[in-house]
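Notes follow once the structure below has been shown.
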Amino acid sequence: MGAQPVVPDPDSHADGDPRKWWILSVVTLVAFVTNLDGTIVIIGLPRMVAGLHITVTTGLWALTSYIITSTVFLLPAGRWSELIGQKRIFMAGLAIFTVATFLCGIAPSGLWLLVYRFIQGTGAALALATATPILVRAFPSHQLGRALGINSTSWVAGSIIGPVAGGVLVSTLGWRSIFFVTIPFAAIGVVGAWRVLRDSIPSRGAATDWPGAITFGLAVTSLLVALSMGQAWGWSSANTLGLFAAAVVLGAAFVRWEQRRPAPMFDLGLLSHPHYRSGLGVTVSYSIGYFATTFLLTIYLQGAAHLSPLDAGLMLVPLSAPQLVVGPWGGVLADRYGPARLVALGVLLLAVGGFWLGHIGPRFAVLPMVFPLLLMSVANGLAWPALTKAVMSSAPAERTGTASGMFYTFRNVGMALSLTLALVVAEVSLPPRIASEVYLGTANLLRPALKGALIHATNTAFWAFVGFYLLAFLLALPLLRAHTRPRGPKDAAAS
């Protein structure tokens, strides 16, 4: 019998998918909606706490619950996208997110709000884990950086519009409107995905690894709950130490289980690729350093500078606005010169900006705040799209779903660590109740001693985060070496 002809992959030609720009539009819209929902909820928390008659701690759990489920389901979602198809998982996640958003808007109590936020985070995880593989599949390598750069602007737009729009909506229509306003955009995303996305061919791998998924979910949940509640419970309390111990034991059991699986959900084999391994290390360090910047500045602006939540949101615009231009431009540069140099340059500039912010004084001034924020915005616009391209290009093409799930899992864990460290810094300088109220904008004016302690702690936190930027720079150095994309079984068969 003669050799069977190789059927060309329709996505492998030099120009990518003919509908790639429509695909980018849909994926970018969905990223905008999910980020808008996250930032707009922060602004609505004070009214939400009052309207549902819940404690500040419960209100903060409305944020934590979303982070937990959106992290726990990233790895299974990446695996499901390979088994079932990227389009189906993406649309399922977006549909779940849309329905859960509506339910959040009509939640009758704090308990039901937390339940719906858990469901909402699940939908966001399904959409997020498949979004980047969809773009990797649609765009050729020489345009992928540009596409990822444009996509990154959606997160920036959400960060700009969320605080401002949230302040207006909460003041005029009430806190429930912050959920209802995102539903039309999400619905457009569902229709757009159904029209323009083409489903990938499901792989013939093993079925869903439910023992691994459950073990991983419990390990991550234990870790994130311990990090979120450790300061309130006490870091040496039985609850905190028990959860950390559970996270370690369950994490070790998960790794051991995955090593024995023929088609693991957490593919440790991907870590054998030096560029992918280095990229994940950069992702964690980068995320720890960057994602608490808004949190720290919000505490300073509302607690020490006595700005209103809306004015504080406007002061944070310089941290986001330049990325609307720099993000796509940085993606183009990553395509032309390679992503490694931009990642290294970006994290160094972030270190400079973080060190600059670490010199905040007792007297609030606009310009000394704006300049480092502009620098950090430019740096993030250069580095993050390049980092995403570097990581995703380091995995075999047929494992992009799993690679994306692992990438965003590492990112979310870094985000959780970042916010935890920032909250610990705030609660070391202030009583926990006052620190939470400062963050929510419900605290009265601080006494001079507390104000000075808050400013000192904020500066200390920024200096500490500079260390994580420098660690990210060191971890990015191996990315400068020459690299070719690993060949998976599909690539070997095609050749």
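Numbering starts fresh at 1 for the residues of each chain in the structure tokens, the chains themselves are lettered A, B, ... in the order given, and ligands are numbered from 1 as they appear.
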
(message) I'd like the contact shell of range 360-373 of chain A - 12 Å cut-off, only C-alpha atoms, skipping same-chain residues fewer than 5 positions apart - returned as a ChimeraX atom specification.
(response) /A:290,293-294,296-297,300-307,311-312,314-323,349-355,378-380,448-463

Given the selection you just returned, output its residues as a file containing C-alpha atoms, formatted as a short mmCIF file (atom, residue, chain, number, x, y, z; two decimals), in the first residue's frame.
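Done, and the output landed in out21.cif:
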```cif
data_model
loop_
_atom_site.label_atom_id
_atom_site.label_comp_id
_atom_site.auth_asym_id
_atom_site.auth_seq_id
_atom_site.Cartn_x
_atom_site.Cartn_y
_atom_site.Cartn_z
CA TYR A 290 2.49 44.29 38.61
CA THR A 293 -0.18 48.30 41.61
CA THR A 294 -3.80 49.44 41.27
CA LEU A 296 -1.78 49.89 46.44
CA LEU A 297 -2.49 53.16 44.65
CA TYR A 300 -3.03 55.54 49.01
CA LEU A 301 -5.30 57.81 46.95
CA GLN A 302 -8.41 57.16 49.04
CA GLY A 303 -6.81 56.63 52.45
CA ALA A 304 -3.95 59.14 52.47
CA ALA A 305 -4.81 61.62 49.69
CA HIS A 306 -8.55 61.55 50.58
CA LEU A 307 -9.73 61.32 46.97
CA ASP A 311 -11.30 60.74 41.39
CA ALA A 312 -9.03 57.87 42.40
CA LEU A 314 -9.38 58.94 37.11
CA MET A 315 -5.90 59.20 38.63
CA LEU A 316 -5.25 55.60 37.54
CA VAL A 317 -6.02 56.31 33.88
CA PRO A 318 -2.31 57.06 33.08
CA LEU A 319 -1.52 53.48 34.13
CA SER A 320 -3.75 52.18 31.33
CA ALA A 321 -4.27 54.74 28.58
CA PRO A 322 -0.83 54.59 26.86
CA GLN A 323 -1.20 50.83 26.42
CA LEU A 349 11.22 49.76 32.89
CA LEU A 350 8.58 48.40 35.27
CA ALA A 351 11.27 48.14 37.95
CA VAL A 352 12.20 51.79 37.38
CA GLY A 353 8.55 52.86 37.59
CA GLY A 354 7.95 50.79 40.73
CA PHE A 355 11.03 52.27 42.42
CA VAL A 378 4.40 51.87 28.25
CA ALA A 379 6.53 49.10 29.75
CA ASN A 380 3.54 46.81 30.23
CA PRO A 448 -1.91 61.53 61.08
CA ALA A 449 -0.06 58.58 62.63
CA LEU A 450 -2.07 56.05 60.64
CA LYS A 451 -1.69 58.13 57.49
CA GLY A 452 2.10 58.17 57.86
CA ALA A 453 2.17 54.43 58.50
CA LEU A 454 0.05 53.81 55.41
CA ILE A 455 2.34 55.88 53.19
CA HIS A 456 5.45 54.12 54.53
CA ALA A 457 3.89 50.69 53.99
CA THR A 458 2.84 51.60 50.44
CA ASN A 459 6.38 52.67 49.58
CA THR A 460 7.79 49.50 51.13
CA ALA A 461 5.44 47.35 49.04
CA PHE A 462 6.49 49.05 45.81
CA TRP A 463 10.16 48.50 46.65
#
```

(request) Between CA of Ile188 in chain A and CA of Leu114 in chain A, measure the distance and give it in Å to one decimal. (result) 25.6 Å

(request) Just the alpha helix (DSSP H) stuff from range 249-397 of chain A, please, per backbone DSSP, written as an NGL selection string. (result) :A and (249-259 or 274-290 or 293-299 or 309-315 or 323-337 or 339-357 or 366-392)

(request) Give the answer as one residue: which of A:Leu83, A:Val49, A:Ala95, A:Met415 has the shortest atom-to-atom distance to Gly189 in chain A, using only C-alpha atoms? (result) A:Ala95

(message) I want to know what sits within 10 Å of Trp384 in chain A, based on only C-alpha atoms, with residues of the same chain fewer than 5 positions away left out; could you give that as a list in words?
(response)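 Near Trp384 in chain A, the qualifying residues are Leu148, Gly149, Ser152, Thr283, Tyr286, Gly327, Gly330, Gly331, Pro339, Leu342, Val343, Gly346, Val347, Ala379, Lys389 and Ala390 of chain A.
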
(message) Can you tell me which residues surround range 54-67 of chain A at a distance of at most 9 Å, considering only C-alpha atoms, apart from same-chain residues fewer than 5 positions away, and format the answer as a count of residues only?
(response) 31

(message) I'd like the contact shell of range 239-241 of chain A - 9 Å cut-off, only C-alpha atoms, skipping same-chain residues fewer than 2 positions apart - returned as a ChimeraX atom specification.
(response) /A:225-227,229-231,233-237,243-246

(request) Give the answer as one residue: which of A:Ala395, A:Leu310, A:Ile288, A:Leu324 has the shortest atom-to-atom distance to Gly467 in chain A, using only C-alpha atoms? (result)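 Closest to Gly467 in chain A, using only C-alpha atoms: A:Ile288.
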
(request) Can you work out which one of A:Ala77, A:Ile89, A:Ala340, A:Val332 has the shortest atom-to-atom distance to Val190 in chain A, counting only C-alpha atoms? (result) A:Ile89

(request) Using only C-alpha atoms, determine which residues lie at most 8 Å from Thr400 in chain A, disregarding the query and same-chain residues fewer than 6 positions distant; provide the list as a ChimeraX atom specification. (result) /A:78,133,136,392

Requested write-out: C-alpha atoms of the selected residues, as a tab-separated table (two decimals), in the first residue's frame:
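Contents of the output file result.tsv:
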```tsv
chain	number	residue	atom	x	y	z
A	78	GLY	CA	-7.40	24.06	28.20
A	133	PRO	CA	-5.10	29.31	21.39
A	136	VAL	CA	-2.46	31.32	17.82
A	392	MET	CA	2.72	30.24	23.53
```

(message) At a cut-off of 10 Å, using only C-alpha atoms, what residues contact range 32-36 of chain A? Leave out same-chain residues fewer than 6 positions from it and give the result as a ChimeraX atom specification.
(response) /A:26,94,97-98,120-121,123-125,127-128,151-163,165-166,178-179,181-186,189

(message) So the first atom is CA of Arg137 in chain A and the second is CA of Leu475 in chain A; what is the distance between them in Å, to one decimal place?
(response)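 Between CA of Arg137 in chain A and CA of Leu475 in chain A the gap is 27.2 Å.
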
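Candidate residues A:Trp112, A:Tyr276, A:Trp356, A:Phe407 were compared for distance to Ala476 in chain A, and the nearest is A:Tyr276, using only C-alpha atoms.
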
(message) Given only C-alpha atoms as the basis, pick out the residue of A:Leu382, A:Leu268, A:Ala219, A:Val196 nearest to Thr71 in chain A.
(response) A:Ala219

(message) Just checking: using only C-alpha atoms, which residue out of A:His359, A:Arg411, A:Arg336, A:Arg261 ends up closest to Gly289 in chain A?
(response)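 For Gly289 in chain A, the nearest of the candidates is A:Arg411.
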